Structure formats: structure tokens, C-alpha cells
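final.cif (mmCIF, C-alpha atoms (C1' of nucleotides))
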```cif
data_run
loop_
_atom_site.label_atom_id
_atom_site.label_comp_id
_atom_site.auth_asym_id
_atom_site.auth_seq_id
_atom_site.Cartn_x
_atom_site.Cartn_y
_atom_site.Cartn_z
CA MET U 1 -40.45 -54.43 -3.85
CA SER U 2 -38.79 -51.21 -4.71
CA ASP U 3 -37.59 -50.82 -1.16
CA PRO U 4 -33.97 -51.98 -1.20
CA ILE U 5 -33.99 -52.98 2.46
CA ARG U 6 -37.06 -55.11 2.00
CA SER U 7 -35.59 -56.72 -1.08
CA GLU U 8 -32.47 -57.56 0.78
CA ASN U 9 -34.49 -59.19 3.52
CA LEU U 10 -36.24 -61.37 1.02
CA LEU U 11 -33.12 -62.32 -0.81
CA TYR U 12 -32.22 -65.36 1.25
CA LEU U 13 -35.76 -66.59 1.67
CA THR U 14 -36.00 -68.72 -1.43
CA ASP U 15 -37.97 -71.94 -1.19
CA GLU U 16 -34.70 -73.78 -1.48
CA GLN U 17 -33.24 -71.98 1.52
CA LEU U 18 -36.38 -72.62 3.51
CA ARG U 19 -36.43 -76.27 2.60
CA GLN U 20 -32.85 -76.63 3.69
CA GLY U 21 -33.85 -75.08 7.00
CA ILE U 22 -36.67 -77.59 7.33
CA GLU U 23 -34.41 -80.54 6.62
CA ALA U 24 -31.73 -79.19 8.93
CA MET U 25 -34.33 -79.00 11.68
CA TYR U 26 -35.43 -82.57 11.03
CA PHE U 27 -31.97 -84.12 11.00
CA ALA U 28 -30.66 -82.00 13.86
CA TYR U 29 -33.55 -82.94 16.12
CA ARG U 30 -32.68 -86.57 15.63
CA GLY U 31 -29.12 -85.88 16.69
CA PHE U 32 -30.44 -83.84 19.56
CA THR U 33 -32.39 -86.77 21.01
CA ALA U 34 -30.00 -89.57 20.01
CA ASP U 35 -27.76 -89.62 23.08
CA PRO U 36 -30.47 -89.50 25.77
CA ASP U 37 -32.46 -92.06 23.80
CA ARG U 38 -29.60 -94.50 24.02
CA ILE U 39 -29.40 -94.10 27.79
CA LEU U 40 -33.16 -94.30 28.24
CA GLU U 41 -33.44 -97.42 26.14
CA SER U 42 -31.20 -99.34 28.48
CA LEU U 43 -33.49 -98.36 31.36
CA ALA U 44 -36.81 -99.19 29.68
CA TYR U 45 -37.75 -95.52 29.70
CA GLY U 46 -38.67 -93.31 26.79
CA ARG U 47 -38.56 -89.69 25.76
CA ALA U 48 -41.69 -88.99 27.73
CA HIS U 49 -39.86 -89.92 30.93
CA HIS U 50 -36.95 -87.73 29.95
CA ARG U 51 -39.19 -84.73 29.42
CA ALA U 52 -40.90 -85.19 32.75
CA ILE U 53 -37.59 -85.57 34.55
CA HIS U 54 -36.14 -82.56 32.78
CA PHE U 55 -38.89 -80.18 33.70
CA ILE U 56 -39.30 -81.44 37.26
CA ASN U 57 -35.61 -80.83 37.74
CA ARG U 58 -35.99 -77.49 36.08
CA ALA U 59 -38.77 -76.35 38.39
CA PRO U 60 -38.72 -78.48 41.53
CA GLY U 61 -42.02 -78.55 43.37
CA THR U 62 -43.99 -77.96 40.18
CA THR U 63 -47.55 -79.20 40.14
CA VAL U 64 -49.01 -81.80 37.83
CA THR U 65 -51.16 -79.20 36.06
CA ASN U 66 -48.19 -76.98 35.42
CA LEU U 67 -46.29 -79.89 33.95
CA LEU U 68 -49.27 -80.70 31.75
CA ASP U 69 -49.21 -77.15 30.41
CA ILE U 70 -45.51 -77.28 29.63
CA LEU U 71 -45.57 -80.71 28.01
CA GLY U 72 -48.85 -80.27 26.20
CA VAL U 73 -50.12 -83.80 26.78
CA THR U 74 -53.15 -85.22 28.53
CA LYS U 75 -53.04 -86.01 32.21
CA GLN U 76 -53.66 -89.68 31.44
CA SER U 77 -50.58 -89.77 29.29
CA LEU U 78 -48.44 -87.89 31.79
CA ASN U 79 -49.80 -89.92 34.67
CA ARG U 80 -48.67 -93.19 33.18
CA VAL U 81 -45.14 -91.87 32.92
CA LEU U 82 -45.20 -90.18 36.30
CA ARG U 83 -46.49 -93.30 38.01
CA THR U 84 -43.60 -95.43 36.83
CA LEU U 85 -41.12 -92.75 37.84
CA ILE U 86 -42.64 -92.56 41.31
CA GLU U 87 -42.79 -96.35 41.63
CA ASP U 88 -39.16 -96.56 40.58
CA GLY U 89 -38.23 -94.00 43.22
CA LEU U 90 -36.98 -91.31 40.84
CA VAL U 91 -39.73 -88.81 41.53
CA GLU U 92 -41.42 -87.87 44.77
CA SER U 93 -44.97 -86.54 44.88
CA ARG U 94 -45.73 -84.46 47.97
CA VAL U 95 -49.12 -83.10 48.94
CA GLY U 96 -49.20 -79.36 48.48
CA THR U 97 -48.82 -77.17 51.54
CA SER U 98 -51.01 -74.22 50.67
CA ASP U 99 -53.44 -76.19 48.51
CA ARG U 100 -53.59 -79.82 49.49
CA ARG U 101 -55.27 -80.86 46.27
CA GLU U 102 -52.06 -80.16 44.45
CA ARG U 103 -49.12 -82.50 44.25
CA ASN U 104 -45.66 -81.00 44.27
CA LEU U 105 -43.16 -83.01 42.25
CA TYR U 106 -39.50 -83.43 43.15
CA LEU U 107 -36.67 -85.58 41.91
CA THR U 108 -35.25 -88.01 44.44
CA GLU U 109 -31.54 -88.57 44.71
CA ASP U 110 -31.76 -91.31 42.11
CA GLY U 111 -33.91 -89.09 39.92
CA THR U 112 -31.39 -86.31 40.11
CA ALA U 113 -28.64 -88.76 39.22
CA LEU U 114 -30.47 -89.89 36.09
CA GLU U 115 -31.27 -86.32 35.14
CA ARG U 116 -27.56 -85.56 35.35
CA ARG U 117 -26.67 -88.48 33.17
CA LEU U 118 -29.23 -87.54 30.54
CA SER U 119 -28.53 -83.84 30.48
CA ASP U 120 -24.79 -84.39 30.53
CA SER U 121 -24.99 -86.35 27.32
CA GLN U 122 -27.30 -83.83 25.72
CA ARG U 123 -25.23 -80.88 26.86
CA ALA U 124 -22.09 -82.52 25.56
CA ARG U 125 -23.54 -82.62 22.07
CA MET U 126 -24.90 -79.10 22.36
CA ARG U 127 -21.55 -77.89 23.61
CA ALA U 128 -19.72 -79.54 20.73
CA ALA U 129 -22.13 -77.99 18.25
CA PHE U 130 -21.85 -74.55 19.85
CA ARG U 131 -18.10 -74.81 19.86
CA GLU U 132 -17.92 -75.98 16.26
CA ALA U 133 -20.02 -72.98 15.30
CA GLY U 134 -19.24 -69.91 17.38
CA PRO U 135 -20.80 -67.29 19.65
CA ASP U 136 -22.49 -65.38 16.85
CA ASP U 137 -23.93 -68.51 15.31
CA VAL U 138 -25.23 -69.59 18.69
CA ALA U 139 -27.03 -66.29 19.12
CA GLY U 140 -28.58 -66.68 15.68
CA PHE U 141 -29.54 -70.25 16.40
CA ARG U 142 -31.37 -69.20 19.53
CA ARG U 143 -33.12 -66.28 17.90
CA VAL U 144 -34.41 -68.32 14.99
CA LEU U 145 -35.61 -71.10 17.26
CA GLU U 146 -37.42 -68.67 19.50
CA ALA U 147 -39.13 -67.12 16.50
CA MET U 148 -40.23 -70.57 15.41
CA MET U 149 -42.09 -71.39 18.62
CA GLU U 150 -45.85 -71.14 18.90
CA GLY U 151 -47.10 -68.36 21.14
CA GLU U 152 -47.86 -70.46 24.18
CA MET U 153 -44.58 -72.36 23.92
CA LYS U 154 -42.66 -69.13 23.57
CA ARG U 155 -44.22 -67.92 26.79
CA GLN U 156 -43.23 -71.11 28.57
CA TYR U 157 -39.71 -70.91 27.20
CA ARG U 158 -39.23 -67.33 28.27
CA SER U 159 -40.67 -67.92 31.68
CA LEU U 160 -38.31 -70.84 32.20
CA ARG U 161 -35.43 -68.75 30.96
CA GLU U 162 -36.14 -66.07 33.52
CA THR U 163 -36.42 -68.64 36.28
CA GLY U 164 -32.95 -69.84 35.36
CA LYS U 165 -29.81 -68.30 36.70
CA MET O 1 -7.58 -70.42 30.60
CA SER O 2 -5.11 -67.59 30.34
CA ASP O 3 -5.70 -67.35 26.62
CA PRO O 4 -8.17 -64.50 26.18
CA ILE O 5 -9.52 -65.83 22.90
CA ARG O 6 -10.18 -69.23 24.38
CA SER O 7 -11.87 -67.69 27.42
CA GLU O 8 -14.10 -65.65 25.21
CA ASN O 9 -15.11 -68.72 23.26
CA LEU O 10 -16.03 -70.56 26.40
CA LEU O 11 -18.03 -67.73 27.88
CA TYR O 12 -21.26 -68.71 26.20
CA LEU O 13 -20.89 -72.38 26.98
CA THR O 14 -22.11 -72.33 30.55
CA ASP O 15 -24.47 -75.11 31.59
CA GLU O 16 -27.21 -72.50 31.76
CA GLN O 17 -26.63 -71.43 28.17
CA LEU O 18 -26.55 -75.01 27.03
CA ARG O 19 -29.74 -75.83 28.86
CA GLN O 20 -31.45 -72.87 27.23
CA GLY O 21 -30.31 -74.21 23.89
CA ILE O 22 -31.79 -77.60 24.77
CA GLU O 23 -35.12 -76.12 25.78
CA ALA O 24 -35.18 -73.87 22.73
CA MET O 25 -34.68 -76.93 20.57
CA TYR O 26 -37.52 -78.75 22.30
CA PHE O 27 -40.06 -75.95 22.10
CA ALA O 28 -39.08 -74.91 18.59
CA TYR O 29 -39.44 -78.41 17.25
CA ARG O 30 -43.00 -78.47 18.49
CA GLY O 31 -43.71 -75.26 16.61
CA PHE O 32 -41.93 -76.67 13.61
CA THR O 33 -44.28 -79.65 13.38
CA ALA O 34 -47.46 -77.93 14.57
CA ASP O 35 -48.80 -76.66 11.23
CA PRO O 36 -48.32 -79.83 9.17
CA ASP O 37 -49.69 -81.87 12.07
CA ARG O 38 -52.92 -79.92 11.94
CA ILE O 39 -53.31 -80.59 8.22
CA LEU O 40 -52.39 -84.26 8.54
CA GLU O 41 -54.81 -84.81 11.39
CA SER O 42 -57.74 -83.85 9.20
CA LEU O 43 -56.62 -86.45 6.66
CA ALA O 44 -56.03 -89.33 9.08
CA TYR O 45 -52.32 -89.22 8.33
CA GLY O 46 -49.44 -88.72 10.71
CA ARG O 47 -45.92 -87.39 10.73
CA ALA O 48 -44.62 -90.61 9.28
CA HIS O 49 -46.67 -89.98 6.15
CA HIS O 50 -45.39 -86.44 5.96
CA ARG O 51 -41.79 -87.56 6.15
CA ALA O 52 -42.27 -90.14 3.43
CA ILE O 53 -44.01 -87.64 1.19
CA HIS O 54 -41.36 -85.02 1.82
CA PHE O 55 -38.41 -87.18 0.88
CA ILE O 56 -40.10 -88.82 -2.08
CA ASN O 57 -40.81 -85.36 -3.42
CA ARG O 58 -37.28 -84.37 -2.63
CA ALA O 59 -35.74 -87.23 -4.56
CA PRO O 60 -38.30 -88.60 -7.01
CA GLY O 61 -37.62 -92.17 -8.05
CA THR O 62 -35.86 -92.99 -4.80
CA THR O 63 -35.87 -96.62 -3.74
CA VAL O 64 -37.41 -98.05 -0.61
CA THR O 65 -34.01 -98.88 0.83
CA ASN O 66 -32.77 -95.38 0.27
CA LEU O 67 -35.82 -94.02 2.02
CA LEU O 68 -35.21 -96.42 4.91
CA ASP O 69 -31.70 -95.07 5.27
CA ILE O 70 -32.88 -91.49 5.32
CA LEU O 71 -35.76 -92.03 7.72
CA GLY O 72 -33.99 -94.50 9.96
CA VAL O 73 -36.95 -96.78 10.57
CA THR O 74 -37.63 -100.44 9.84
CA LYS O 75 -39.00 -101.44 6.49
CA GLN O 76 -42.11 -102.85 8.17
CA SER O 77 -42.84 -99.50 9.68
CA LEU O 78 -42.20 -97.61 6.48
CA ASN O 79 -44.10 -100.16 4.43
CA ARG O 80 -47.28 -99.66 6.41
CA VAL O 81 -47.14 -95.94 5.74
CA LEU O 82 -46.15 -96.39 2.12
CA ARG O 83 -48.94 -98.86 1.49
CA THR O 84 -51.65 -96.47 2.64
CA LEU O 85 -50.14 -93.71 0.53
CA ILE O 86 -50.09 -95.96 -2.53
CA GLU O 87 -53.63 -97.21 -1.86
CA ASP O 88 -54.81 -93.63 -1.48
CA GLY O 89 -53.22 -92.76 -4.80
CA LEU O 90 -50.67 -90.28 -3.45
CA VAL O 91 -47.58 -92.32 -4.20
CA GLU O 92 -46.74 -94.47 -7.17
CA SER O 93 -44.38 -97.43 -6.92
CA ARG O 94 -42.73 -98.37 -10.20
CA VAL O 95 -40.57 -101.40 -10.76
CA GLY O 96 -36.96 -100.35 -11.24
CA THR O 97 -35.62 -100.23 -14.77
CA SER O 98 -32.01 -101.21 -14.26
CA ASP O 99 -32.66 -103.42 -11.24
CA ARG O 100 -36.17 -104.74 -11.30
CA ARG O 101 -36.10 -105.77 -7.64
CA GLU O 102 -36.10 -102.16 -6.66
CA ARG O 103 -39.17 -100.00 -6.48
CA ASN O 104 -38.86 -96.40 -7.57
CA LEU O 105 -41.19 -94.12 -5.67
CA TYR O 106 -42.92 -91.09 -7.14
CA LEU O 107 -45.63 -88.72 -5.98
CA THR O 108 -48.80 -88.71 -8.04
CA GLU O 109 -50.57 -85.47 -8.84
CA ASP O 110 -52.58 -85.77 -5.65
CA GLY O 111 -49.43 -86.57 -3.72
CA THR O 112 -47.70 -83.53 -5.10
CA ALA O 113 -50.69 -81.42 -4.14
CA LEU O 114 -50.60 -82.62 -0.54
CA GLU O 115 -46.85 -82.15 -0.40
CA ARG O 116 -47.35 -78.56 -1.49
CA ARG O 117 -49.96 -77.96 1.15
CA LEU O 118 -47.79 -79.40 3.89
CA SER O 119 -44.57 -77.75 2.89
CA ASP O 120 -46.29 -74.44 2.26
CA SER O 121 -47.46 -74.32 5.85
CA GLN O 122 -44.07 -75.35 7.16
CA ARG O 123 -42.21 -72.95 4.93
CA ALA O 124 -44.51 -70.13 6.00
CA ARG O 125 -43.48 -70.60 9.60
CA MET O 126 -39.84 -70.99 8.68
CA ARG O 127 -40.02 -67.89 6.55
CA ALA O 128 -41.60 -65.89 9.35
CA ALA O 129 -38.94 -67.05 11.78
CA PHE O 130 -36.12 -66.29 9.33
CA ARG O 131 -37.58 -62.88 8.67
CA GLU O 132 -38.07 -62.10 12.34
CA ALA O 133 -34.43 -62.98 12.91
CA GLY O 134 -32.22 -61.95 10.02
CA PRO O 135 -29.70 -63.26 7.49
CA ASP O 136 -26.86 -63.58 9.96
CA ASP O 137 -29.02 -65.37 12.47
CA VAL O 138 -30.22 -67.76 9.80
CA ALA O 139 -26.66 -68.62 8.89
CA GLY O 140 -25.89 -69.29 12.54
CA PHE O 141 -29.03 -71.35 12.94
CA ARG O 142 -28.04 -73.55 10.04
CA ARG O 143 -24.45 -73.95 11.16
CA VAL O 144 -25.38 -74.97 14.69
CA LEU O 145 -28.01 -77.43 13.48
CA GLU O 146 -25.59 -79.03 11.07
CA ALA O 147 -23.03 -79.39 13.83
CA MET O 148 -25.67 -81.08 15.97
CA MET O 149 -26.43 -83.88 13.51
CA GLU O 150 -25.06 -87.37 13.85
CA GLY O 151 -22.48 -88.35 11.27
CA GLU O 152 -24.78 -90.41 9.10
CA MET O 153 -27.55 -87.81 9.18
CA LYS O 154 -25.09 -85.07 8.33
CA ARG O 155 -24.07 -87.03 5.27
CA GLN O 156 -27.69 -87.42 4.22
CA TYR O 157 -28.36 -83.76 4.80
CA ARG O 158 -25.39 -82.61 2.77
CA SER O 159 -26.11 -84.99 -0.04
CA LEU O 160 -29.69 -83.72 -0.22
CA ARG O 161 -28.44 -80.17 -0.13
CA GLU O 162 -26.18 -80.77 -3.11
CA THR O 163 -28.98 -82.44 -5.01
CA GLY O 164 -31.06 -79.32 -4.48
CA LYS O 165 -30.89 -76.37 -6.75
"C1'" DA E 1 -74.08 -76.86 51.30
"C1'" DC E 2 -72.42 -77.04 46.81
"C1'" DA E 3 -69.85 -76.19 42.60
"C1'" DA E 4 -65.38 -76.16 40.87
"C1'" DT E 5 -60.58 -77.64 40.91
"C1'" DA E 6 -56.66 -80.95 41.12
"C1'" DC E 7 -55.54 -85.30 40.72
"C1'" DG E 8 -55.72 -90.29 39.77
"C1'" DT E 9 -57.42 -94.14 37.25
"C1'" DC E 10 -60.07 -97.45 34.24
"C1'" DA E 11 -61.09 -98.75 29.59
"C1'" DG E 12 -60.35 -98.47 24.88
"C1'" DC E 13 -58.38 -96.67 20.66
"C1'" DT E 14 -54.55 -94.80 17.36
"C1'" DT E 15 -50.03 -94.03 15.37
"C1'" DT E 16 -45.67 -95.39 14.81
"C1'" DG E 17 -42.08 -97.67 16.14
"C1'" DT E 18 -39.99 -102.57 17.18
"C1'" DT E 19 -38.65 -108.24 16.27
"C1'" DG E 20 -38.98 -112.35 14.05
"C1'" DA E 21 -40.26 -115.23 10.35
"C1'" DC E 22 -41.13 -116.25 5.75
"C1'" DA E 23 -41.81 -115.89 0.63
"C1'" DC E 24 -40.86 -113.95 -3.79
"C1'" DT E 25 -38.10 -111.81 -7.42
"C1'" DC E 26 -34.08 -111.05 -9.47
"C1'" DC E 27 -29.04 -110.34 -10.13
"C1'" DA E 28 -24.59 -112.11 -10.30
"C1'" DA E 29 -21.08 -115.37 -9.45
"C1'" DG E 30 -19.51 -119.87 -9.52
"C1'" DC F 1 -27.64 -123.18 -14.93
"C1'" DT F 2 -27.93 -123.27 -10.33
"C1'" DT F 3 -27.57 -121.05 -6.22
"C1'" DG F 4 -26.64 -117.46 -2.71
"C1'" DG F 5 -27.81 -113.16 -1.36
"C1'" DA F 6 -29.98 -108.61 -1.89
"C1'" DG F 7 -34.27 -105.96 -2.30
"C1'" DT F 8 -38.87 -106.09 -1.31
"C1'" DG F 9 -43.39 -107.25 0.70
"C1'" DT F 10 -46.15 -109.19 4.32
"C1'" DC F 11 -47.87 -111.72 8.50
"C1'" DA F 12 -48.07 -111.74 13.51
"C1'" DA F 13 -47.22 -109.90 17.84
"C1'" DC F 14 -45.85 -106.40 20.73
"C1'" DA F 15 -44.54 -101.68 23.01
"C1'" DA F 16 -44.36 -96.65 23.77
"C1'" DA F 17 -46.88 -92.81 24.05
"C1'" DG F 18 -50.25 -90.12 22.52
"C1'" DC F 19 -55.68 -89.55 22.57
"C1'" DT F 20 -61.03 -89.45 24.44
"C1'" DG F 21 -64.48 -90.34 27.75
"C1'" DA F 22 -66.01 -91.36 32.17
"C1'" DC F 23 -65.79 -91.62 36.96
"C1'" DG F 24 -64.18 -91.13 41.88
"C1'" DT F 25 -62.01 -88.62 45.65
"C1'" DA F 26 -60.15 -84.98 48.13
"C1'" DT F 27 -60.06 -80.28 48.79
"C1'" DT F 28 -61.13 -75.57 48.19
"C1'" DG F 29 -63.71 -71.51 47.85
"C1'" DT F 30 -68.15 -69.22 47.30
#
```

Write out the structure in this file as C-alpha cells.
Amino acid sequence: MSDPIRSENLLYLTDEQLRQGIEAMYFAYRGFTADPDRILESLAYGRAHHRAIHFINRAPGTTVTNLLDILGVTKQSLNRVLRTLIEDGLVESRVGTSDRRERNLYLTEDGTALERRLSDSQRARMRAAFREAGPDDVAGFRRVLEAMMEGEMKRQYRSLRETGK
Amino acid sequence: MSDPIRSENLLYLTDEQLRQGIEAMYFAYRGFTADPDRILESLAYGRAHHRAIHFINRAPGTTVTNLLDILGVTKQSLNRVLRTLIEDGLVESRVGTSDRRERNLYLTEDGTALERRLSDSQRARMRAAFREAGPDDVAGFRRVLEAMMEGEMKRQYRSLRETGK
DNA sequence: ACAATACGTCAGCTTTGTTGACACTCCAAG
DNA sequence: CTTGGAGTGTCAACAAAGCTGACGTATTGT
């Protein structure tokens, strides 16, 4: 309390500030999903399909179990989504080479095309937001979001980030 | 391209950076909802109930239509949630004074108590994240999120922000 | 040979969203 | 004073996407 640095750190953490952060998160997430949702709706897919497609594209050859860990859903739930994607020819499921119990998941050409469409729309919004803000704000945005993740999710996020370019 | 300032601004807008922003948003939102979800689960409520409670607390006396605008769902969907909250004695629905077709919504004592519990848990995480980052990062976080909202949502957000302290 | 793992699937349930249809109350305008 | 329309509530039916539990099959490793 008497420590000036500590006081300064607490200065902007009023309940009002926090509540504004909460509401910002709520409204922004809706914007974040709005564009892909519109595309998906016209294809009779949902957000669950988008997530599967995103992370298969992100880590081609990933196994079902790995995808379950990332998405945090049950295999029954994921399977329903995965089945339709495979039936529709967007995802390919290949028997694992080293361990043949595993299934390695890949996007087909069509799957890659849809992924592009979805991520293009989402990136466009993200790009506009990043541009409207600025480099420093973007860094802050990322740091706060990372601090908000649960432990396991943070691990997943970081591991994906390393995998990336 | 030859403009150094413009180049610098574009530097952080690579597809890789944007994708990291997208994944950060996805994982962070899960952390954001995790704590309230755990509380709600033990009460047989869901996120829809939380949202209703949050915004009724935020703007006591709000009408159903206003709530529909904020939440962006159908009245049938909201009504189901609202009904259980009223039956359970968490929300009170009073006939409007100026226009008696309207229903003004208020939290009861119990409703206020639950709202506290939910928002306390969510604020705690937000506070921890804000603290782990820092004032500048928080400002950036908020600016990027606001830029990410859809027009209508941004209006709602700003109007709520003004209403606040 | 046998237990454990990875995956798929069947059945059934829940929450939260959707449409469409209809009734009631009430305000305001003709 | 009647009537149209807005605000609200409710019924029915349905869909997406999560869940649990149980079971079967293929494969692996001990």
C-alpha cells in the first residue's frame, strides 16, 4: 500500500475498468466470429467445423487425440464434425505410419480452399483492428490475452506459436 | 512501400502475426469464460443465464427488447432463460410505468448475489491478466478489442461504457 | 497372451440457438 | 372510438454442438 510502484499498478484496476474489459471481450469475440459464421452458415457448417479445419491446417497430420486436447471436447463431439468433413471431402484421414492405430488428419484441396476463405475473412478483420490500433497496442493485446489463458491452453498456444514460422 | 513509416506499420501485420492474434483470441476466450462456467454448472445454469444476469445488473430496469438488442438472440431464446431466472427468484419483471407493455427487469437480492459471485470470479482473472501485463498493455488490449467489434456491438459497448461510472 | 491405447460409433440427454404461428395488452393515430 | 402496430409471452418443432456411458475393433507394447 505504501509502496508507490504497487499503488501505481493497482491504480487502473478498478472494478469499472475490469468490467469494461469483460464487456470488451464479450463484444469483440462476437465480432471475431461474425465473418466466418456468415460463410459457414451458407455451407451448413458451424463453428465446430471451423475450429477443426483451422487446427488441422495448422498442424497437418495431427492425430485425433491431439485435436481433442487442443479443442477440449469429447471424441464423440469431434467425431460427428470430423465425419461430415471427411464425407464432404474436405478432410482426409490416413492411417498412421509408425502407429497404425492413429489417424493422421489432412485437409484436401477443397478443405484447404475453405480454410483460406474462412481465415481470409477473419484475418481481414484482425488486420483492420490491428491497423486501427497500432503496433504497441497489438503487443499489449497479445500479452493480456496470453495472461488470460488457462494453463493448459497457454501451453497449447505457445506450442503452436513455436511451430509457426 | 517506399514510405518508411508505412512499412513499419505493416511489419507486424504478416499472416503469421494475424494468425497468432486469432489463436490468442480463441484460447483467451476459453479462459475468460472458464471460471463463471464452473460456477454456473453447479447451479444448472449456462452462459446464456450469465449474460442475462450481467446486463440486467449493468442496466437495471432495462426492457426485454433492449436486452434482445444487446444479446443478439431471438426473444424465444431469451425468454426461456429469463423465465427460469424469474421462477428461481433471481430476476424480477415489473410492468413498465410509462409504457405498460414493456417489462422492466431487475435483479432480486439473490440475483445480485449470484451476479457478484460470477463477476468476482471473472474480474479476478481479468485483474490477474491486467496485472501480469501492465497499464500500457491493457490500453492496447482495449483498443484492439474495440476495433474488432462490429458496428452495432461497438455502439452498445460505448453506450454501456458511458453509462458506467 | 493380455492389458492398454487410439479410434469409431450407438444411444440418449442438455443447452442454447433458430422459425413460424398465435394471442394479449396497450399506445397512438385516424 | 376503433384499429393498426409495437412489445411481450408462449406453443411447437427443430438444429448445432456439447455431454456421458457403453461397446467394438484394431493395434501396440509388455

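In terms of minimum interatomic distance to DT9 (chain E), U:Lys75 ranks closest within U:Arg100, U:Arg117, U:Arg143, U:Lys75, counting all atoms listed in the file.
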
For chain O fitted to chain U over all Cα atoms in order, what RMSD does a least-squares superposition give?
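Root-mean-square deviation of the C-alpha atoms: 0.3 Å.
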
Chain and number of each residue from the PyMOL selection byres ((chain F) within 10 of (chain O)), as a list in words:
DA6, DG7, DT8, DG9 and DT10 of chain F

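Relative to CA of Arg58 (chain O), CA of Tyr106 (chain O) is found at 9.9 Å.
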
Taking all atoms listed in the file into account, report as a PyMOL selection string which residues of chain O lie within 8 Å of chain U.
chain O and resi 9+12-13+15-16+18-25+27-32+122-123+125-150+153-154+157+161+164-165

Distance CA of Val91 (chain O)-CA of Thr108 (chain O), one decimal place?
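Value for the CA of Val91 (chain O)-CA of Thr108 (chain O) distance: 5.4 Å.
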
Which of these residues is nearest to chain O, using all atoms listed in the file: E:DC10, E:DC22, E:DA29, E:DG17?
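Result for the nearest residue to chain O: E:DG17.
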
Work out how far apart CA of Ser42 (chain O) and C1' of DC11 (chain F) are and give it in Å to one decimal.
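Computing the Euclidean distance for CA of Ser42 (chain O) and C1' of DC11 (chain F) yields 29.6 Å.
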
Name the residues captured by the PyMOL selection byres ((chain E) within 8 of (chain U)) when it is applied to the shown file; answer as a list in words.
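Checked against the file, the PyMOL selection byres ((chain E) within 8 of (chain U)) matches DA6, DC7 and DG8 of chain E.
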
I'd like the contact shell of DT20 (chain F) - 12 Å cut-off, all atoms listed in the file, skipping same-chain residues fewer than 3 positions apart - returned as a list of chain:residue names.
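After dropping sequence-adjacent residues, the list is U:Thr74, U:Lys75, U:Gln76, U:Ser77, E:DA11, E:DG12, E:DC13, E:DT14.
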
Run the PyMOL selection byres ((chain E and resi 4) around 10) mentally over the shown coordinates, then write out the matched residues as a list in words, using the chain letters and numbers from the document.
DC2, DA3, DT5 and DA6 of chain E; DT28, DG29 and DT30 of chain F

Missing atoms of region 104-110 of chain O rebuilt to all heavy atoms, written as a tab-separated table (two decimals), keeping the file's coordinate frame:
```
chain	number	residue	atom	x	y	z
O	104	ASN	N	-39.10	-97.84	-7.53
O	104	ASN	CA	-38.86	-96.40	-7.57
O	104	ASN	C	-40.16	-95.70	-7.18
O	104	ASN	O	-41.22	-95.98	-7.71
O	104	ASN	CB	-38.42	-95.96	-8.96
O	104	ASN	CG	-37.09	-96.58	-9.33
O	104	ASN	OD1	-36.98	-97.34	-10.29
O	104	ASN	ND2	-36.08	-96.29	-8.54
O	105	LEU	N	-40.02	-94.79	-6.24
O	105	LEU	CA	-41.19	-94.12	-5.67
O	105	LEU	C	-41.36	-92.71	-6.24
O	105	LEU	O	-40.40	-91.95	-6.34
O	105	LEU	CB	-41.06	-94.06	-4.15
O	105	LEU	CG	-40.88	-95.42	-3.48
O	105	LEU	CD1	-40.50	-95.26	-2.01
O	105	LEU	CD2	-42.14	-96.27	-3.63
O	106	TYR	N	-42.59	-92.41	-6.60
O	106	TYR	CA	-42.92	-91.09	-7.14
O	106	TYR	C	-44.21	-90.59	-6.50
O	106	TYR	O	-45.08	-91.38	-6.13
O	106	TYR	CB	-43.12	-91.16	-8.65
O	106	TYR	CG	-41.92	-91.64	-9.42
O	106	TYR	CD1	-41.73	-93.00	-9.67
O	106	TYR	CD2	-40.96	-90.74	-9.88
O	106	TYR	CE1	-40.63	-93.45	-10.36
O	106	TYR	CE2	-39.86	-91.19	-10.58
O	106	TYR	CZ	-39.69	-92.54	-10.81
O	106	TYR	OH	-38.58	-92.97	-11.50
O	107	LEU	N	-44.36	-89.29	-6.40
O	107	LEU	CA	-45.63	-88.72	-5.98
O	107	LEU	C	-46.55	-88.62	-7.19
O	107	LEU	O	-46.11	-88.28	-8.28
O	107	LEU	CB	-45.43	-87.32	-5.38
O	107	LEU	CG	-44.69	-87.23	-4.04
O	107	LEU	CD1	-44.70	-85.79	-3.54
O	107	LEU	CD2	-45.29	-88.15	-3.00
O	108	THR	N	-47.82	-88.94	-6.98
O	108	THR	CA	-48.80	-88.71	-8.04
O	108	THR	C	-49.17	-87.23	-8.02
O	108	THR	O	-48.62	-86.45	-7.24
O	108	THR	CB	-50.08	-89.53	-7.77
O	108	THR	OG1	-50.66	-89.06	-6.56
O	108	THR	CG2	-49.75	-91.00	-7.65
O	109	GLU	N	-50.12	-86.87	-8.84
O	109	GLU	CA	-50.57	-85.47	-8.84
O	109	GLU	C	-51.15	-85.10	-7.48
O	109	GLU	O	-50.84	-84.05	-6.92
O	109	GLU	CB	-51.64	-85.30	-9.94
O	109	GLU	CG	-51.66	-83.91	-10.56
O	109	GLU	CD	-52.55	-83.90	-11.80
O	109	GLU	OE1	-52.36	-84.75	-12.70
O	109	GLU	OE2	-53.45	-83.05	-11.83
O	110	ASP	N	-51.99	-86.00	-6.96
O	110	ASP	CA	-52.58	-85.77	-5.65
O	110	ASP	C	-51.51	-85.69	-4.56
O	110	ASP	O	-51.59	-84.87	-3.64
O	110	ASP	CB	-53.57	-86.89	-5.29
O	110	ASP	CG	-54.88	-86.76	-6.07
O	110	ASP	OD1	-55.02	-85.77	-6.82
O	110	ASP	OD2	-55.75	-87.65	-5.93
```
